[in-house]
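Here's target08.cif, which has mmCIF, C-alpha atoms:
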```cif
data_entry
loop_
_atom_site.label_atom_id
_atom_site.label_comp_id
_atom_site.auth_asym_id
_atom_site.auth_seq_id
_atom_site.Cartn_x
_atom_site.Cartn_y
_atom_site.Cartn_z
CA MET W 46 -5.99 7.88 -29.86
CA GLN W 47 -8.64 10.34 -31.07
CA LEU W 48 -6.43 11.42 -33.99
CA SER W 49 -5.88 7.78 -35.02
CA LEU W 50 -9.62 7.14 -34.97
CA ILE W 51 -10.27 10.20 -37.13
CA ILE W 52 -7.60 9.12 -39.64
CA SER W 53 -9.01 5.57 -39.71
CA ALA W 54 -12.54 6.87 -40.27
CA LEU W 55 -11.39 9.16 -43.09
CA LEU W 56 -9.49 6.27 -44.68
CA LEU W 57 -12.55 4.05 -44.52
CA VAL W 58 -14.72 6.79 -46.04
CA ALA W 59 -12.16 7.29 -48.84
CA LEU W 60 -12.03 3.56 -49.62
CA ILE W 61 -15.80 3.27 -49.62
CA GLY W 62 -15.92 6.32 -51.91
CA ALA W 63 -13.44 4.68 -54.29
CA LEU W 64 -15.45 1.44 -54.37
CA THR W 65 -18.65 3.42 -54.96
CA ALA W 66 -17.03 5.23 -57.89
CA LEU W 67 -15.88 1.93 -59.41
CA TYR W 68 -19.38 0.54 -59.00
CA ARG W 69 -20.94 3.54 -60.71
CA ARG W 70 -18.52 3.18 -63.60
CA LYS W 71 -19.63 -0.44 -63.78
CA GLN W 72 -16.09 -1.60 -63.14
CA LEU W 73 -17.39 -3.52 -60.10
CA SER W 74 -20.59 -5.45 -59.67
CA ARG W 75 -22.89 -4.47 -56.82
CA ILE W 76 -22.17 -7.72 -54.96
CA LYS W 77 -18.40 -7.30 -55.27
CA ALA W 78 -18.60 -3.67 -54.19
CA LEU W 79 -20.69 -4.55 -51.14
CA GLY W 80 -18.41 -7.50 -50.34
CA LEU W 81 -15.26 -5.40 -50.57
CA THR W 82 -16.86 -2.64 -48.47
CA LEU W 83 -17.82 -5.15 -45.79
CA ALA W 84 -14.36 -6.73 -45.88
CA LEU W 85 -12.71 -3.32 -45.49
CA ALA W 86 -15.02 -2.42 -42.60
CA LEU W 87 -14.28 -5.72 -40.85
CA LEU W 88 -10.56 -5.37 -41.46
CA LEU W 89 -10.47 -1.84 -40.12
CA GLY W 90 -12.73 -2.75 -37.18
CA GLY W 91 -10.50 -5.67 -36.31
CA TRP W 92 -7.40 -3.51 -36.42
CA LEU W 93 -9.02 -0.85 -34.24
CA GLY W 94 -10.20 -3.50 -31.76
CA TYR W 95 -6.71 -4.96 -31.54
CA ARG W 96 -5.06 -1.54 -31.36
CA TYR W 97 -7.32 0.00 -28.73
CA LEU W 98 -8.76 -2.96 -26.80
CA ILE W 99 -6.68 -6.11 -27.08
CA LEU W 100 -3.17 -4.60 -27.24
CA PRO W 101 -3.64 -2.22 -24.27
CA GLU W 102 -5.05 -5.09 -22.18
CA MET W 103 -2.12 -7.31 -23.14
CA ARG W 104 0.35 -4.57 -22.17
CA LEU W 105 -1.46 -3.88 -18.90
CA GLN W 106 -1.56 -7.58 -18.00
CA ALA W 107 2.15 -7.87 -18.76
CA ARG W 108 2.83 -4.86 -16.50
CA ILE W 109 0.70 -6.39 -13.73
CA GLU W 110 2.52 -9.72 -13.98
CA ALA W 111 5.92 -7.98 -13.97
CA THR W 112 4.97 -5.96 -10.88
CA GLN W 113 3.61 -9.05 -9.11
CA THR W 114 6.89 -10.80 -9.87
CA GLN W 115 8.69 -7.82 -8.34
CA LEU W 116 6.52 -8.20 -5.24
CA MET W 117 7.66 -11.83 -4.95
CA HIS W 118 11.22 -10.60 -4.40
CA LEU W 119 10.46 -7.52 -2.31
CA PRO W 120 11.72 -7.63 1.32
CA GLY W 121 8.84 -7.51 3.73
CA TYR W 122 6.51 -9.26 1.26
CA ARG W 123 8.35 -12.20 -0.28
CA LEU W 124 7.90 -14.43 2.79
CA LEU W 125 4.12 -14.09 2.68
CA GLN W 126 3.72 -16.39 -0.32
CA GLN W 127 4.66 -19.36 1.87
CA GLN W 128 3.65 -18.07 5.31
CA GLU W 129 0.31 -16.39 4.56
CA PRO W 130 -1.08 -17.58 1.19
CA ALA W 131 -4.52 -16.02 1.72
CA LEU W 132 -3.02 -12.60 2.46
CA TRP W 133 -0.62 -13.07 -0.45
CA ARG W 134 -3.56 -13.55 -2.83
CA GLN W 135 -5.28 -10.47 -1.38
CA LEU W 136 -2.13 -8.39 -1.88
CA ASN W 137 -1.79 -9.50 -5.50
CA GLU W 138 -5.44 -8.77 -6.24
CA GLU W 139 -5.15 -5.32 -4.68
CA LEU W 140 -1.91 -4.67 -6.56
CA ALA W 141 -3.60 -5.56 -9.86
CA ALA W 142 -6.56 -3.31 -9.02
CA GLN W 143 -4.23 -0.39 -8.26
CA LEU W 144 -2.32 -0.80 -11.51
CA ARG W 145 -5.57 -1.03 -13.50
CA ALA W 146 -6.60 2.24 -11.85
CA GLY W 147 -3.47 3.88 -13.27
CA VAL W 148 -1.37 3.93 -10.09
CA ASN W 149 2.37 3.50 -10.66
CA PRO W 150 4.06 0.43 -9.10
CA SER W 151 5.88 2.32 -6.32
CA GLN W 152 2.70 3.96 -5.08
CA ALA W 153 0.82 0.67 -5.48
CA PHE W 154 3.35 -1.07 -3.22
CA GLY W 155 2.84 1.69 -0.67
CA HIS W 156 -0.91 1.13 -0.83
CA LEU W 157 -0.36 -2.51 0.17
CA ARG W 158 1.56 -1.64 3.35
CA PRO W 159 -1.51 -0.99 5.60
CA LEU W 160 -2.85 -4.45 4.68
CA LEU W 161 0.03 -5.95 6.70
CA THR W 162 -0.90 -4.21 9.96
CA ASP W 163 -3.13 -6.91 11.45
CA LEU W 164 -0.65 -9.65 10.56
CA LEU W 165 2.27 -7.74 12.09
CA ASN W 166 0.30 -7.16 15.30
CA GLN W 167 -0.32 -10.90 15.50
CA ARG W 168 3.34 -11.67 14.87
CA ILE W 169 4.58 -9.25 17.54
CA GLY W 170 3.40 -11.73 20.16
CA ARG W 171 5.58 -14.43 18.60
CA ALA W 172 8.68 -12.44 17.67
CA GLY W 173 11.94 -12.06 19.57
CA ASP W 174 12.94 -8.96 21.51
CA ALA W 175 15.34 -7.62 18.87
CA ALA W 176 12.81 -7.97 16.03
CA ILE W 177 10.10 -6.16 18.02
CA ASN W 178 12.34 -3.32 19.15
CA SER W 179 13.76 -2.83 15.63
CA TYR W 180 10.30 -2.77 14.10
CA ILE W 181 9.01 -0.16 16.56
CA ALA W 182 12.22 1.89 16.29
CA VAL W 183 11.65 2.24 12.54
CA SER W 184 7.97 3.02 13.16
CA LEU W 185 9.11 5.80 15.49
CA LYS W 186 11.35 7.21 12.74
CA GLN W 187 8.34 7.17 10.42
CA MET W 188 6.25 9.09 12.98
CA GLU W 189 8.99 11.67 13.37
CA SER W 190 9.47 12.08 9.62
CA LEU W 191 5.74 12.54 9.01
CA ARG W 192 5.46 14.88 12.02
CA ALA W 193 8.20 17.08 10.58
CA ARG W 194 6.35 17.20 7.27
CA ASP W 195 2.76 17.68 8.45
CA VAL W 196 1.15 16.84 11.78
CA LYS W 197 -1.99 15.70 9.93
CA LEU W 198 0.03 13.03 8.14
CA CYS W 199 1.45 11.86 11.46
CA PHE W 200 -2.03 11.58 12.97
CA ARG W 201 -3.38 9.67 9.95
CA PHE W 202 -0.43 7.27 10.14
CA LEU W 203 -0.97 6.63 13.86
CA PHE W 204 -4.75 6.42 13.79
CA PRO W 205 -5.87 5.26 10.31
CA GLN W 206 -9.17 4.08 11.79
CA VAL W 207 -10.04 7.72 12.55
CA ASN W 208 -9.00 9.63 9.46
CA GLY W 209 -7.63 7.14 6.94
CA GLY W 210 -4.04 6.01 6.56
CA VAL W 211 -1.17 7.30 4.42
CA ASN W 212 0.88 5.90 1.57
CA LEU W 213 4.37 5.75 3.07
CA ASN W 214 6.01 5.23 -0.33
CA GLN W 215 4.77 8.66 -1.37
CA LEU W 216 5.81 10.45 1.80
CA LEU W 217 8.95 8.94 3.29
CA PRO W 218 12.59 9.03 2.18
CA GLU W 219 13.69 5.96 0.23
CA LYS W 220 16.13 4.99 2.99
CA LEU W 221 13.33 4.86 5.54
CA ILE W 222 11.12 2.83 3.19
CA GLN W 223 13.93 0.31 2.82
CA GLN W 224 14.37 0.16 6.60
CA ASP W 225 10.64 -0.48 6.97
CA SER W 226 10.83 -3.41 4.54
CA ALA W 227 13.88 -4.80 6.34
CA VAL W 228 12.31 -4.77 9.82
CA ILE W 229 9.07 -6.30 8.50
CA GLU W 230 11.15 -9.06 6.93
CA GLN W 231 12.97 -9.60 10.23
CA LEU W 232 9.71 -9.70 12.18
CA LEU W 233 8.16 -12.23 9.78
CA GLN W 234 11.26 -14.42 9.80
CA GLU W 235 11.49 -14.52 13.59
CA SER W 236 7.82 -15.00 14.43
CA THR W 237 6.93 -18.40 13.03
CA GLY W 238 6.88 -20.18 16.40
CA ALA W 239 4.46 -20.16 19.31
CA GLU W 240 3.26 -17.14 21.26
CA ARG W 241 5.88 -15.81 23.66
CA ALA W 242 4.96 -15.31 27.28
CA VAL W 243 4.27 -11.75 28.41
CA ASP W 244 5.18 -10.84 31.98
CA LEU W 245 2.04 -8.78 32.50
CA PRO W 246 2.78 -7.54 36.06
CA ALA W 247 6.23 -6.33 34.98
CA ALA W 248 4.87 -4.80 31.76
CA HIS W 249 2.15 -2.89 33.62
CA GLN W 250 4.65 -1.66 36.19
CA GLN W 251 7.13 -0.46 33.57
CA LEU W 252 4.41 1.16 31.44
CA ASN W 253 3.03 2.95 34.51
CA ARG W 254 6.47 4.39 35.19
CA VAL W 255 6.68 5.62 31.63
CA VAL W 256 3.23 7.20 31.86
CA GLN W 257 4.12 8.91 35.15
CA GLN W 258 7.21 10.35 33.46
CA LEU W 259 5.15 11.61 30.52
CA TYR W 260 2.52 13.03 32.85
CA LEU W 261 5.05 15.61 34.01
CA SER W 262 5.08 17.01 30.46
CA TRP W 263 1.55 16.36 29.24
CA GLY W 264 -0.67 16.16 32.32
CA ASP W 265 -4.27 15.04 31.83
CA ASP W 266 -3.95 15.40 28.05
CA LEU W 267 -2.40 11.91 28.08
CA GLN W 268 -5.92 10.55 28.45
CA TRP W 269 -6.55 11.49 24.81
CA LEU W 270 -4.39 8.54 23.76
CA ASN W 271 -7.26 6.30 24.86
CA ALA W 272 -9.79 8.12 22.66
CA PRO W 273 -8.17 9.28 19.40
CA ALA W 274 -11.55 9.53 17.66
CA ASP W 275 -12.81 12.16 20.11
CA ALA W 276 -13.66 15.29 18.17
CA HIS W 277 -12.06 17.50 20.83
CA VAL W 278 -8.58 15.97 20.81
CA ASP W 279 -5.63 18.10 19.77
CA ARG W 280 -4.13 16.08 16.92
CA GLN W 281 -0.75 17.75 17.18
CA LYS W 282 -0.53 16.81 20.84
CA MET W 283 -1.74 13.30 20.04
CA CYS W 284 1.10 12.85 17.60
CA ASP W 285 3.71 14.38 19.92
CA MET W 286 2.52 12.38 22.94
CA THR W 287 2.62 9.13 20.97
CA ILE W 288 6.14 9.86 19.79
CA ASP W 289 7.21 10.61 23.38
CA LEU W 290 5.54 7.40 24.57
CA TYR W 291 7.41 5.16 22.14
CA ARG W 292 10.67 6.99 22.72
CA ALA W 293 10.34 6.37 26.45
CA ILE W 294 9.47 2.69 25.96
CA LEU W 295 12.40 2.10 23.61
CA ALA W 296 14.69 3.77 26.16
CA LEU W 297 14.03 0.85 28.53
CA PRO W 298 16.38 -2.16 28.53
CA ASP W 299 15.67 -4.32 25.46
CA THR W 300 13.92 -7.12 27.33
CA GLN W 301 11.68 -4.70 29.21
CA SER W 302 10.78 -2.63 26.15
CA ALA W 303 9.90 -5.74 24.13
CA ASN W 304 7.78 -7.05 27.02
CA VAL W 305 5.85 -3.75 27.23
CA LEU W 306 5.38 -3.61 23.45
CA ARG W 307 4.07 -7.19 23.36
CA MET W 308 1.49 -6.25 25.97
CA MET W 309 0.50 -3.04 24.16
CA LEU W 310 0.49 -4.17 20.53
CA SER W 311 0.11 -7.93 20.28
CA ALA W 312 -3.35 -8.92 19.09
CA ASN W 313 -3.29 -11.85 21.51
CA ALA W 314 -1.77 -10.21 24.60
CA GLY W 315 -3.78 -10.40 27.78
#
```

Encoded form (structure tokens):
Amino acid sequence: MQLSLIISALLLVALIGALTALYRRKQLSRIKALGLTLALALLLGGWLGYRYLILPEMRLQARIEATQTQLMHLPGYRLLQQQEPALWRQLNEELAAQLRAGVNPSQAFGHLRPLLTDLLNQRIGRAGDAAINSYIAVSLKQMESLRARDVKLCFRFLFPQVNGGVNLNQLLPEKLIQQDSAVIEQLLQESTGAERAVDLPAAHQQLNRVVQQLYLSWGDDLQWLNAPADAHVDRQKMCDMTIDLYRAILALPDTQSANVLRMMLSANAG
């Protein structure tokens, strides 16, 4: 861009110099020389404005529209246009902002993922057992993958309110990203009805058994799960304990595990 501007400036100077020479030789009147100089300046200014302002904006807007169209067909997101129009608008606005900031589409999609968290927590209370268990099973795989890479990433994924979240599209294998999209799609498809009843006494009893089992390995450190923002918590243990917790819950019979997860995760559970 800088080289083009220099060349354009030199060309303008050369043309003005040529017109000045013609004027001095009286081959051009003063008015014609000034008129031609102004016309050249306007022509060059218009070309530079189109080349460096209008054309880049047109290309960027076309890229934004193409990426938003891609979002319309992306599993895990495409249902939101009809089901959650307000969230859909928010996602598209954020996607446009990310692209304008120079983020590539794949990373921009990953940036949108945390915006679904509240909605998915609400839908857990309305989804069927299979959809809930599949969603959490993939979440467990994500925890394990991030834990193997860096315990700090695992902690940020589990507790974004403490230390910020992560962009899964940057960190996870493509296969796991696709699984995440698939289980989100399943959860959204199967959670359009009313809230499902939670058997709270049974859920508490089953969760207590799981906690007693984990206590044999972790002891009093399990209490940290209730206070992840505490400055004294061991983040590696927090990640490992959370992984063990979800593994133990998913090891329960499907109906029991879904019942416990509804109690733990649903935004509307009692």

Tell me which protein, DNA and RNA residues are within 10 Å of Leu245 in chain W, counting all atoms listed in the file, leaving out same-chain ones fewer than 2 positions away, and put them as a count of residues only. 13

Which neighbours of range 121-138 of chain W fall inside 7 Å, counting all atoms listed in the file, when residues of the same chain fewer than 4 positions from it are skipped, and could you give them as a PDB file with C-alpha atoms, in the frame of the given file?
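Output file selection_34.pdb follows:
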```
ATOM      1  CA  GLN W 113       3.610  -9.050  -9.110  1.00  0.00           C
ATOM      2  CA  LEU W 116       6.520  -8.200  -5.240  1.00  0.00           C
ATOM      3  CA  MET W 117       7.660 -11.830  -4.950  1.00  0.00           C
ATOM      4  CA  ALA W 142      -6.560  -3.310  -9.020  1.00  0.00           C
ATOM      5  CA  LEU W 157      -0.360  -2.510   0.170  1.00  0.00           C
ATOM      6  CA  SER W 226      10.830  -3.410   4.540  1.00  0.00           C
ATOM      7  CA  ALA W 227      13.880  -4.800   6.340  1.00  0.00           C
ATOM      8  CA  ILE W 229       9.070  -6.300   8.500  1.00  0.00           C
ATOM      9  CA  GLU W 230      11.150  -9.060   6.930  1.00  0.00           C
TER      10      GLU W 230
END
```

One decimal, in Å: what's the spacing between CA of Leu232 in chain W and CA of Leu306 in chain W?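 Those two atoms sit 13.5 Å apart.
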
Run the PyMOL selection byres ((chain W and resi 196-205) around 12) against the file shown and list the residues it catches, as a PyMOL selection string. chain W and resi 158-160+162+184-195+206-213+215-217+270-275+278-288+291

Interatomic distance between CA of Glu139 in chain W and CA of Arg168 in chain W?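 Value for the CA of Glu139 in chain W-CA of Arg168 in chain W distance: 22.2 Å.
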
Would you list the contacts of Ala172 in chain W as a tab-separated table (two decimals) with C-alpha atoms, in the frame of the given file, taking every protein, DNA or RNA residue within 10 Å and counting all atoms listed in the file, but skipping same-chain residues closer than 3 positions in sequence?
```tsv
chain	number	residue	atom	x	y	z
W	165	LEU	CA	2.27	-7.74	12.09
W	167	GLN	CA	-0.32	-10.90	15.50
W	168	ARG	CA	3.34	-11.67	14.87
W	169	ILE	CA	4.58	-9.25	17.54
W	175	ALA	CA	15.34	-7.62	18.87
W	176	ALA	CA	12.81	-7.97	16.03
W	177	ILE	CA	10.10	-6.16	18.02
W	178	ASN	CA	12.34	-3.32	19.15
W	231	GLN	CA	12.97	-9.60	10.23
W	232	LEU	CA	9.71	-9.70	12.18
W	233	LEU	CA	8.16	-12.23	9.78
W	234	GLN	CA	11.26	-14.42	9.80
W	235	GLU	CA	11.49	-14.52	13.59
W	236	SER	CA	7.82	-15.00	14.43
W	237	THR	CA	6.93	-18.40	13.03
W	238	GLY	CA	6.88	-20.18	16.40
W	239	ALA	CA	4.46	-20.16	19.31
W	240	GLU	CA	3.26	-17.14	21.26
W	241	ARG	CA	5.88	-15.81	23.66
W	303	ALA	CA	9.90	-5.74	24.13
W	307	ARG	CA	4.07	-7.19	23.36
```

Given all atoms listed in the file as the counted atoms, nearest of W:Ile222, W:Leu259, W:Leu290, W:Leu144 to Pro120 in chain W: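 For Pro120 in chain W, the nearest of the given residues is W:Ile222.
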
In Å to one decimal, how far is CA of Leu261 in chain W from CA of Pro298 in chain W?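 So the answer is 21.8 Å.
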
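Residue nearest Ala293 in chain W within the list W:Val255, W:Ala141, W:Met309, W:Val148: W:Val255 [criterion: smallest interatomic distance, only C-alpha atoms].
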
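Comparing W:Glu219, W:Ile99, W:Gln258, W:Gly264 by their smallest distance to Arg292 in chain W, the closest is W:Gln258 (using only C-alpha atoms).
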
So which one's closest to Asp225 in chain W, W:Arg104, W:Ala111, W:Ala182, W:Asn253? Using all atoms listed in the file, please.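 For Asp225 in chain W, the nearest of the candidates is W:Ala182.
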
Using only C-alpha atoms: which of W:Gln223, W:Asn214, W:Ser302, W:Thr114 has the shortest distance to Gln152 in chain W: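 Of W:Gln223, W:Asn214, W:Ser302, W:Thr114, the one nearest Gln152 in chain W, counting only C-alpha atoms, is W:Asn214.
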
Generate all heavy atoms for range 298-309 of chain W and emit them as a short mmCIF file (atom, residue, chain, number, x, y, z; two decimals), in the coordinates of the input.
```cif
data_model
loop_
_atom_site.label_atom_id
_atom_site.label_comp_id
_atom_site.auth_asym_id
_atom_site.auth_seq_id
_atom_site.Cartn_x
_atom_site.Cartn_y
_atom_site.Cartn_z
N PRO W 298 15.56 -1.01 28.96
CA PRO W 298 16.38 -2.16 28.53
C PRO W 298 15.61 -3.01 27.52
O PRO W 298 14.37 -3.09 27.59
CB PRO W 298 16.64 -2.90 29.85
CG PRO W 298 16.55 -1.85 30.90
CD PRO W 298 15.49 -0.89 30.43
N ASP W 299 16.31 -3.63 26.58
CA ASP W 299 15.67 -4.32 25.46
C ASP W 299 14.60 -5.31 25.88
O ASP W 299 13.52 -5.36 25.30
CB ASP W 299 16.74 -5.03 24.62
CG ASP W 299 17.62 -4.06 23.86
OD1 ASP W 299 17.27 -2.85 23.82
OD2 ASP W 299 18.63 -4.49 23.30
N THR W 300 14.90 -6.12 26.89
CA THR W 300 13.92 -7.12 27.33
C THR W 300 12.67 -6.46 27.87
O THR W 300 11.55 -6.91 27.59
CB THR W 300 14.55 -8.03 28.40
OG1 THR W 300 15.70 -8.67 27.85
CG2 THR W 300 13.56 -9.09 28.85
N GLN W 301 12.84 -5.39 28.64
CA GLN W 301 11.68 -4.70 29.21
C GLN W 301 10.86 -4.00 28.14
O GLN W 301 9.61 -4.08 28.15
CB GLN W 301 12.15 -3.69 30.26
CG GLN W 301 12.80 -4.30 31.49
CD GLN W 301 13.24 -3.26 32.50
OE1 GLN W 301 12.83 -2.10 32.42
NE2 GLN W 301 14.07 -3.67 33.45
N SER W 302 11.52 -3.33 27.20
CA SER W 302 10.78 -2.63 26.15
C SER W 302 9.99 -3.61 25.29
O SER W 302 8.82 -3.37 24.96
CB SER W 302 11.73 -1.80 25.28
OG SER W 302 12.69 -2.62 24.66
N ALA W 303 10.61 -4.75 24.94
CA ALA W 303 9.90 -5.74 24.13
C ALA W 303 8.71 -6.31 24.90
O ALA W 303 7.64 -6.55 24.32
CB ALA W 303 10.85 -6.86 23.73
N ASN W 304 8.87 -6.52 26.20
CA ASN W 304 7.78 -7.05 27.02
C ASN W 304 6.60 -6.07 27.06
O ASN W 304 5.44 -6.45 26.92
CB ASN W 304 8.29 -7.32 28.44
CG ASN W 304 7.28 -8.08 29.28
OD1 ASN W 304 6.78 -9.13 28.88
ND2 ASN W 304 6.97 -7.55 30.46
N VAL W 305 6.90 -4.78 27.22
CA VAL W 305 5.85 -3.75 27.23
C VAL W 305 5.17 -3.67 25.86
O VAL W 305 3.93 -3.59 25.77
CB VAL W 305 6.44 -2.38 27.62
CG1 VAL W 305 5.39 -1.28 27.42
CG2 VAL W 305 6.91 -2.40 29.06
N LEU W 306 5.96 -3.71 24.80
CA LEU W 306 5.38 -3.61 23.45
C LEU W 306 4.52 -4.82 23.12
O LEU W 306 3.48 -4.69 22.45
CB LEU W 306 6.51 -3.45 22.43
CG LEU W 306 7.25 -2.12 22.49
CD1 LEU W 306 8.52 -2.16 21.66
CD2 LEU W 306 6.35 -0.97 22.04
N ARG W 307 4.92 -6.00 23.58
CA ARG W 307 4.07 -7.19 23.36
C ARG W 307 2.72 -6.99 24.04
O ARG W 307 1.67 -7.31 23.47
CB ARG W 307 4.74 -8.44 23.93
CG ARG W 307 5.83 -9.03 23.06
CD ARG W 307 6.23 -10.43 23.52
NE ARG W 307 7.45 -10.86 22.84
CZ ARG W 307 8.68 -10.72 23.33
NH1 ARG W 307 8.84 -10.15 24.53
NH2 ARG W 307 9.73 -11.10 22.66
N MET W 308 2.75 -6.47 25.25
CA MET W 308 1.49 -6.25 25.97
C MET W 308 0.64 -5.21 25.26
O MET W 308 -0.59 -5.37 25.11
CB MET W 308 1.78 -5.78 27.40
CG MET W 308 0.51 -5.50 28.22
SD MET W 308 0.85 -4.71 29.81
CE MET W 308 1.37 -3.07 29.27
N MET W 309 1.24 -4.14 24.77
CA MET W 309 0.50 -3.04 24.16
C MET W 309 -0.04 -3.37 22.76
O MET W 309 -1.16 -3.00 22.42
CB MET W 309 1.39 -1.81 24.05
CG MET W 309 1.73 -1.13 25.35
SD MET W 309 2.89 0.25 25.08
CE MET W 309 2.03 1.24 23.85
#
```
